[in-house]
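Written below as structure tokens is the structure these notes are about.
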Amino acid sequence: MVNEQKLPPVGELAILTMTLVVSGGIYMAAHIPDDVPTLLPTALTVLAAVILAVNVVLLSRVKNFAWPIFRQVAGWSLVGYGVISGLLLWVFIRDAIPNDVMTLLAASLVIFAVNIPLHFGFAVARFQPVES
Amino acid sequence: MEHTQTIPGAPPITHGEAAPAIPSFEIIPVKGIPLVALAIIGLIAAIVSEELWALEFAHVVAGGLWTGIDLFVGLIIGPILGRLSPQGRVEFSTRFMPKMVLLMPTLVAVTLVAGWSLANHTGDIAVMYPDHWWLTASFIVVGIMSVIALGFLEPANLAVLFELKKPQPDPELIGRLMKRFVYAAGITGVMQLATLIIMTRIATW
């Protein structure tokens, strides 16, 4: 049986989270190597983290869902995008970026690495049959 | 009675006709994983070596392939794919889309990581405004493309592949997701033209 219940807006919230993280990243990258004003990127990162948390809670409350498929897709995506985030983090650390900016970049990359698997897993599992 | 079902951008599917035969395929082509690992190891070696040529090679090769593939898929393959017969689309998609699952994230990762390292190595990252706007413009273009690719294109790609794995795939759903894939690929393809302008400008200042 394919999932026909009304699902929470997980995809839309994931895209919003992604947009906030990317906007913060662009803002910081546009200032490096000069001093980066951290107020705006901090606000964007915190907002992205809150929306991601809300999204996880909303999805976890869905009863009838193809969870095995979700875990399969999200798991593989976590490996892939975890490697990509790790590489970017490593390059930023090598470039001796100041601690406050580095913390924000690391937080953004962690949000990114969790948000993408959530989005991909949901995008696939929502069309899959729910195992009884 | 013959009944016709229309999928946007695709030839009509007539009920009563045999459903498209779906060849067996892997969603993630396992044979390609060592090549991805090799590309990542090569990238790390280029960064650790701090050799200008190695960084330039990684950035230009991966970036050129990323740009070229985005343009080719978005502007050439996409419109052709939308006009193929259901059987042709299935045959092409099951062979083409799994490769994209591995290829594109690898090219994007190598391009961005090598590009950042290269800009630091050459000192381009430290250039003052207004010239720095070219770099900022490249960040904005890549940011928008990544939201489109990760938000719309890649999820549609994966959802189509999983749908095709079902015993009875839903042609209407596949058509809808393929339309999203083709539009997203077209938009990123057009945005890659901006990348070409920005990158050739930065390379020659």
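For the structure tokens, the naming scheme is as follows: chains receive sequential letters (A, B, ...) according to their order of presentation, residues are indexed from 1 within each chain, and ligands are indexed from 1 in presentation order.
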Can you build me a table of chain A residues sitting at most 7 Å from chain B, with the closest atom pair per residue and its distance in Å to one decimal, using only C-alpha atoms, sorted by chain and residue number, as JSON lines?
```
{"residue": "A:Ile15", "atom": "CA", "partner": "B:Gly151", "partner_atom": "CA", "distance": 5.6}
{"residue": "A:Met18", "atom": "CA", "partner": "B:Val147", "partner_atom": "CA", "distance": 6.6}
{"residue": "A:Thr19", "atom": "CA", "partner": "B:Val147", "partner_atom": "CA", "distance": 6.5}
{"residue": "A:Val22", "atom": "CA", "partner": "B:Gly143", "partner_atom": "CA", "distance": 5.9}
{"residue": "A:Ile26", "atom": "CA", "partner": "B:Phe139", "partner_atom": "CA", "distance": 5.9}
{"residue": "A:Ala30", "atom": "CA", "partner": "B:Thr136", "partner_atom": "CA", "distance": 5.3}
{"residue": "A:Pro33", "atom": "CA", "partner": "B:Ala126", "partner_atom": "CA", "distance": 6.0}
{"residue": "A:Ile84", "atom": "CA", "partner": "B:Ala109", "partner_atom": "CA", "distance": 6.0}
{"residue": "A:Leu88", "atom": "CA", "partner": "B:Val113", "partner_atom": "CA", "distance": 6.0}
{"residue": "A:Phe120", "atom": "CA", "partner": "B:Pro155", "partner_atom": "CA", "distance": 5.3}
{"residue": "A:Ala123", "atom": "CA", "partner": "B:Pro155", "partner_atom": "CA", "distance": 5.7}
{"residue": "A:Val124", "atom": "CA", "partner": "B:Ala159", "partner_atom": "CA", "distance": 4.6}
```
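The residue that comes closest to Ile32 of chain A, out of B:Ala119, B:Ala45, B:Ala37, B:Leu84 and on the basis of only C-alpha atoms, is B:Ala119.
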Enumerate as number ranges by chain all residues of chain B assigned to helix (DSSP H, G or I) by DSSP on the backbone, naming them with the chain letters and numbers the document uses. B: 30-49, 52-82, 86-122, 124-126, 132-164, 171-203
Mind writing the picked residues with C-alpha atoms as a compact mmCIF listing (two decimals), in the first residue's frame?
```
# COMPACT_ATOMS: atom_id res chain seq x y z
CA VAL B 30 28.83 -0.26 -6.91
CA LYS B 31 31.56 -0.59 -9.56
CA GLY B 32 31.84 3.19 -9.64
CA ILE B 33 32.54 3.60 -5.91
CA PRO B 34 36.31 2.86 -6.23
CA LEU B 35 36.52 5.60 -8.89
CA VAL B 36 34.85 8.05 -6.49
CA ALA B 37 37.30 7.03 -3.75
CA LEU B 38 40.17 7.53 -6.21
CA ALA B 39 38.94 11.04 -7.07
CA ILE B 40 38.66 11.96 -3.37
CA ILE B 41 42.15 10.55 -2.62
CA GLY B 42 43.53 12.49 -5.61
CA LEU B 43 41.88 15.66 -4.32
CA ILE B 44 43.34 15.21 -0.81
CA ALA B 45 46.78 14.55 -2.34
CA ALA B 46 46.52 17.72 -4.44
CA ILE B 47 45.62 19.82 -1.39
CA VAL B 48 48.32 18.31 0.84
CA SER B 49 50.97 18.71 -1.89
CA LEU B 52 49.56 24.78 -8.05
CA TRP B 53 49.29 22.42 -11.03
CA ALA B 54 47.57 19.66 -9.02
CA LEU B 55 45.01 22.08 -7.53
CA GLU B 56 44.43 23.71 -10.92
CA PHE B 57 44.02 20.30 -12.53
CA ALA B 58 41.49 19.09 -9.95
CA HIS B 59 39.46 22.32 -10.09
CA VAL B 60 39.48 22.77 -13.86
CA VAL B 61 38.85 19.11 -14.78
CA ALA B 62 36.06 18.54 -12.24
CA GLY B 63 34.57 22.00 -12.79
CA GLY B 64 34.72 21.66 -16.58
CA LEU B 65 32.99 18.27 -16.43
CA TRP B 66 30.37 19.58 -13.97
CA THR B 67 29.62 22.61 -16.16
CA GLY B 68 29.66 20.61 -19.40
CA ILE B 69 27.46 17.81 -18.08
CA ASP B 70 24.96 20.26 -16.56
CA LEU B 71 24.71 22.16 -19.85
CA PHE B 72 24.51 18.98 -21.94
CA VAL B 73 21.93 17.26 -19.73
CA GLY B 74 19.86 20.40 -19.16
CA LEU B 75 19.77 21.71 -22.69
CA ILE B 76 20.31 18.65 -24.94
CA ILE B 77 19.50 15.38 -23.13
CA GLY B 78 16.57 16.74 -21.10
CA PRO B 79 14.38 17.88 -24.00
CA ILE B 80 15.18 14.68 -25.95
CA LEU B 81 14.33 12.53 -22.92
CA GLY B 82 10.96 14.22 -22.54
CA PRO B 86 7.92 5.34 -22.40
CA GLN B 87 10.07 2.27 -23.20
CA GLY B 88 12.92 4.43 -24.49
CA ARG B 89 12.74 6.70 -21.45
CA VAL B 90 12.84 3.72 -19.08
CA GLU B 91 15.78 2.13 -20.94
CA PHE B 92 17.72 5.41 -20.91
CA SER B 93 16.85 6.37 -17.33
CA THR B 94 17.80 3.03 -15.78
CA ARG B 95 21.25 3.25 -17.39
CA PHE B 96 21.87 6.98 -17.10
CA MET B 97 20.44 8.10 -13.76
CA PRO B 98 22.33 5.69 -11.44
CA LYS B 99 25.60 6.98 -12.90
CA MET B 100 24.53 10.55 -12.14
CA VAL B 101 23.91 9.59 -8.48
CA LEU B 102 27.66 8.98 -8.07
CA LEU B 103 29.15 11.27 -10.68
CA MET B 104 27.62 14.66 -9.93
CA PRO B 105 28.18 14.87 -6.14
CA THR B 106 31.79 13.76 -6.73
CA LEU B 107 32.41 16.41 -9.39
CA VAL B 108 30.76 19.12 -7.28
CA ALA B 109 32.76 18.18 -4.17
CA VAL B 110 36.11 18.08 -6.02
CA THR B 111 35.39 21.38 -7.82
CA LEU B 112 34.41 23.29 -4.68
CA VAL B 113 37.10 21.94 -2.35
CA ALA B 114 39.88 22.29 -4.96
CA GLY B 115 38.56 25.72 -5.97
CA TRP B 116 38.65 27.06 -2.41
CA SER B 117 42.19 25.70 -1.91
CA LEU B 118 43.29 27.11 -5.27
CA ALA B 119 41.89 30.56 -4.47
CA ASN B 120 43.83 30.52 -1.19
CA HIS B 121 46.98 29.29 -2.89
CA THR B 122 46.93 31.95 -5.62
CA ASP B 124 42.60 35.30 -5.35
CA ILE B 125 40.49 34.89 -2.20
CA ALA B 126 42.22 37.96 -0.70
CA HIS B 132 36.05 40.43 -5.05
CA TRP B 133 32.47 40.71 -6.34
CA TRP B 134 33.41 38.19 -9.04
CA LEU B 135 34.21 35.66 -6.30
CA THR B 136 31.07 36.56 -4.38
CA ALA B 137 29.04 36.18 -7.58
CA SER B 138 30.51 32.70 -8.06
CA PHE B 139 29.53 31.78 -4.47
CA ILE B 140 25.97 33.02 -5.10
CA VAL B 141 25.65 31.12 -8.39
CA VAL B 142 26.99 27.90 -6.83
CA GLY B 143 24.72 28.40 -3.81
CA ILE B 144 21.59 28.75 -5.95
CA MET B 145 22.61 25.79 -8.12
CA SER B 146 23.24 23.62 -5.04
CA VAL B 147 19.79 24.41 -3.61
CA ILE B 148 18.18 23.53 -6.96
CA ALA B 149 20.28 20.38 -7.42
CA LEU B 150 19.97 19.08 -3.85
CA GLY B 151 16.46 20.37 -3.24
CA PHE B 152 14.75 19.31 -6.47
CA LEU B 153 16.96 17.49 -9.01
CA GLU B 154 18.65 14.79 -6.93
CA PRO B 155 15.55 13.82 -4.89
CA ALA B 156 13.58 13.47 -8.14
CA ASN B 157 16.39 11.37 -9.62
CA LEU B 158 16.39 9.00 -6.62
CA ALA B 159 12.60 8.81 -6.40
CA VAL B 160 12.38 7.83 -10.11
CA LEU B 161 14.97 5.08 -9.64
CA PHE B 162 13.13 3.64 -6.62
CA GLU B 163 9.80 3.88 -8.46
CA LEU B 164 11.29 1.95 -11.38
CA PRO B 171 3.94 6.07 -15.05
CA GLU B 172 2.18 9.27 -13.97
CA LEU B 173 4.47 9.68 -10.95
CA ILE B 174 7.57 8.94 -13.04
CA GLY B 175 6.45 11.52 -15.61
CA ARG B 176 5.92 14.14 -12.90
CA LEU B 177 9.31 13.48 -11.29
CA MET B 178 11.11 13.36 -14.64
CA LYS B 179 9.57 16.72 -15.54
CA ARG B 180 10.94 18.15 -12.28
CA PHE B 181 14.35 16.58 -13.02
CA VAL B 182 14.49 17.99 -16.56
CA TYR B 183 13.38 21.52 -15.50
CA ALA B 184 15.89 21.56 -12.61
CA ALA B 185 18.67 20.34 -14.93
CA GLY B 186 17.70 23.04 -17.46
CA ILE B 187 17.86 25.82 -14.86
CA THR B 188 21.24 24.68 -13.51
CA GLY B 189 22.43 24.32 -17.11
CA VAL B 190 21.57 27.93 -17.88
CA MET B 191 23.15 29.06 -14.59
CA GLN B 192 26.35 27.29 -15.61
CA LEU B 193 26.67 29.89 -18.39
CA ALA B 194 27.10 32.45 -15.59
CA THR B 195 29.75 30.21 -14.01
CA LEU B 196 31.66 30.12 -17.31
CA ILE B 197 31.64 33.93 -17.55
CA ILE B 198 32.72 34.39 -13.90
CA MET B 199 35.46 31.74 -13.96
CA THR B 200 37.02 32.89 -17.22
CA ARG B 201 36.97 36.44 -15.85
CA ILE B 202 38.72 35.39 -12.60
CA ALA B 203 41.27 33.30 -14.51
```
Shell of 10 Å around Ile69 of chain A, only C-alpha atoms, local chain residues under 6 positions omitted, as a ChimeraX atom specification: /A:75,121-122,124-126,128-130 /B:162
Restricting it to C-alpha atoms, dump the selection as an mmCIF file, in the first residue's frame.
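Generated output (again00.cif):
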```
data_model
loop_
_atom_site.group_PDB
_atom_site.id
_atom_site.type_symbol
_atom_site.label_atom_id
_atom_site.label_comp_id
_atom_site.auth_asym_id
_atom_site.auth_seq_id
_atom_site.Cartn_x
_atom_site.Cartn_y
_atom_site.Cartn_z
ATOM 1 C CA GLY A 75 21.965 6.258 5.484
ATOM 2 C CA GLY A 121 15.115 9.813 2.436
ATOM 3 C CA PHE A 122 11.719 11.528 2.674
ATOM 4 C CA VAL A 124 11.962 8.618 -1.892
ATOM 5 C CA ALA A 125 10.104 6.957 1.008
ATOM 6 C CA ARG A 126 6.940 9.044 0.601
ATOM 7 C CA GLN A 128 7.028 3.756 -1.353
ATOM 8 C CA PRO A 129 4.529 1.193 -0.062
ATOM 9 C CA VAL A 130 4.124 1.070 3.712
ATOM 10 C CA PHE B 162 13.133 3.641 -6.616
#
```
Which residue, A:Val79, A:Ala53, A:Ala66, A:Ile97, has the smallest gap to Asp35 of chain A when you use only C-alpha atoms?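 Among the listed residues, the smallest separation from Asp35 of chain A belongs to A:Ile97.
Reported to one decimal place, the separation of atom CA of Val73 of chain A from atom CA of Trp90 of chain A is 25.5 Å.
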Output as a CSV table (one decimal) with C-alpha atoms, in the first residue's frame all residues of segment 4-158 of chain B that backbone DSSP marks as strand (DSSP E or B).
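Generated file (selection04.csv):
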```
chain,number,residue,atom,x,y,z
B,4,THR,CA,-5.1,7.7,-23.4
B,5,GLN,CA,-3.1,9.0,-20.5
B,13,ILE,CA,0.7,6.3,-22.9
B,14,THR,CA,-2.2,4.2,-24.2
B,15,HIS,CA,-3.7,1.8,-21.8
B,17,GLU,CA,-0.4,-1.4,-24.6
```
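Across A:Val62, A:Leu40, A:Ile51, A:Ala96, the tightest approach to Gly25 of chain A is made by A:Leu40 when counting only C-alpha atoms.
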Would you work out the distance separating atom CA of Leu47 of chain A from atom CA of Val21 of chain A, expressed in Å to one decimal? 9.1 Å
